[in-house]
Structures are given as structure tokens and as C-alpha cells.
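Worksheet: the structure to be examined is printed underneath.
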Amino acid sequence: MGHYRWLLETQDDDGRWSRQDGAPMQDPLEYDGPPQRAANHLRDVFVRTLSRPAPGPRAIRVRLWEGADVDGRPQAEAEWSRE
């Protein structure tokens, strides 16, 4: 089972992107699958949870790194937009 560090970014209706402290979440995601599938899984979870109450964020972006460190480019990214 892989351990992934990830960042969640959301975009508001004015087009501003934000993320929590600009730091990866403290607890790594344990996911049995490749990085892109793990990023897609997180995206789908956040789309379901952040879209209520409507309308929720305009867009969601998940960036994911394999292992304990967040160095360099992410191994996977997933995005969603309500437009």
C-alpha cells in the first residue's frame, strides 16, 4: 500500500486559488494504487464533500507526491471544475 502526501487547492467564484497554509496535509493518504488513481480518488471525495452546500468551490485541484517528502514536481494531479 502506498503512502502519499497531498495538497488540496480550491478556487472561489472570483477566480482566487487558496490552500491550507501552503503545506501538505499532516496525515499521509494510504492508498492501494498508483499515484494518479490516488489523486483521482481524493478529487472525487472532495468534489462530493465540498459541493454541499451548493454551489461550493468553483474548482478543486489535488497535487500528490509519493512517500514522506514533498519535493519537486508532484507525481500526480487531478482537477475538477463546475464550469
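Chains: A, B, ... in order of the C-alpha cells. Residues: from 1 per chain. Ligands: from 1, in order shown.
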
Q: Taking the DSSP assignment computed from this structure's backbone, write out as a list in words all residues of chain A that belong to alpha helix (DSSP H).
A: Pro35, Gln36, Arg37, Ala38, Ala39, Asn40, His41, Leu42, Arg43, Asp44, Val45, Phe46, Val47, Arg48, Thr49 and Leu50 of chain A

Q) DSSP on the backbone: what in stretch 14-81 of chain A comes out strand (DSSP E or B), as a list in words? A)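 These are the residues in question: Trp17, Ser18, Arg19, Leu29, Glu30, Tyr31, Ala59, Ile60, Arg61, Val62, Arg63, Leu64, Trp65, Glu66, Ala76, Glu77, Ala78, Glu79, Trp80 and Ser81 of chain A.
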
What does the file look like for those residues with C-alpha atoms, as a PDB file, in the first residue's frame?
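Wrote it out as selection24.pdb, contents follow:
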ATOM      1  CA  TRP A  17      -6.943  29.883  -5.563  1.00  0.00           C
ATOM      2  CA  SER A  18      -6.298  29.012  -1.918  1.00  0.00           C
ATOM      3  CA  ARG A  19      -4.811  26.161   0.063  1.00  0.00           C
ATOM      4  CA  LEU A  29      -3.033   9.064   2.465  1.00  0.00           C
ATOM      5  CA  GLU A  30      -2.734   5.287   2.454  1.00  0.00           C
ATOM      6  CA  TYR A  31      -3.982   4.075  -0.907  1.00  0.00           C
ATOM      7  CA  ALA A  59     -12.706  24.401  -8.931  1.00  0.00           C
ATOM      8  CA  ILE A  60     -10.677  21.855  -6.970  1.00  0.00           C
ATOM      9  CA  ARG A  61      -7.079  20.792  -7.585  1.00  0.00           C
ATOM     10  CA  VAL A  62      -5.267  17.938  -5.832  1.00  0.00           C
ATOM     11  CA  ARG A  63      -1.487  17.538  -6.084  1.00  0.00           C
ATOM     12  CA  LEU A  64       0.074  14.341  -4.809  1.00  0.00           C
ATOM     13  CA  TRP A  65       3.590  13.104  -4.005  1.00  0.00           C
ATOM     14  CA  GLU A  66       4.588   9.538  -3.214  1.00  0.00           C
ATOM     15  CA  ALA A  76       0.041  13.184  -9.970  1.00  0.00           C
ATOM     16  CA  GLU A  77      -2.513  15.969 -10.220  1.00  0.00           C
ATOM     17  CA  ALA A  78      -6.293  15.894 -10.549  1.00  0.00           C
ATOM     18  CA  GLU A  79      -8.654  18.794 -11.173  1.00  0.00           C
ATOM     19  CA  TRP A  80     -12.369  19.415 -11.263  1.00  0.00           C
ATOM     20  CA  SER A  81     -14.380  22.485 -12.231  1.00  0.00           C
TER      21      SER A  81
END

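From atom CA of A:Asp14 back to atom CA of A:Leu42, the distance works out to 23.8 Å.
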
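Candidate residues A:Thr10, A:Arg16, A:Gln36, A:Phe46 were compared for distance to A:Pro74, and the nearest is A:Gln36, using only C-alpha atoms.
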
Q: Work out how far apart atom CA of A:Ala54 and atom CA of A:Leu8 are and give it in Å to one decimal.
A: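 Straight-line distance from atom CA of A:Ala54 to atom CA of A:Leu8 works out to 18.9 Å.
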
Q.
Could you check the closest approach to A:Leu7 for each of A:Pro55, A:Gly33, A:His41, A:Val70 and tell me which residue wins, using only C-alpha atoms?
A.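 Ranked by minimum distance to A:Leu7, first place goes to A:Val70.
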
Q: Enter the distance from atom CA of A:Met1 to atom CA of A:Ala39, in Å, rounded to one decimal.
A: 14.5 Å

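You can rank A:Ala68, A:Pro28, A:Thr49, A:Glu83 by their closest distance to A:Asp13 using only C-alpha atoms, and at the top of that list sits A:Glu83.
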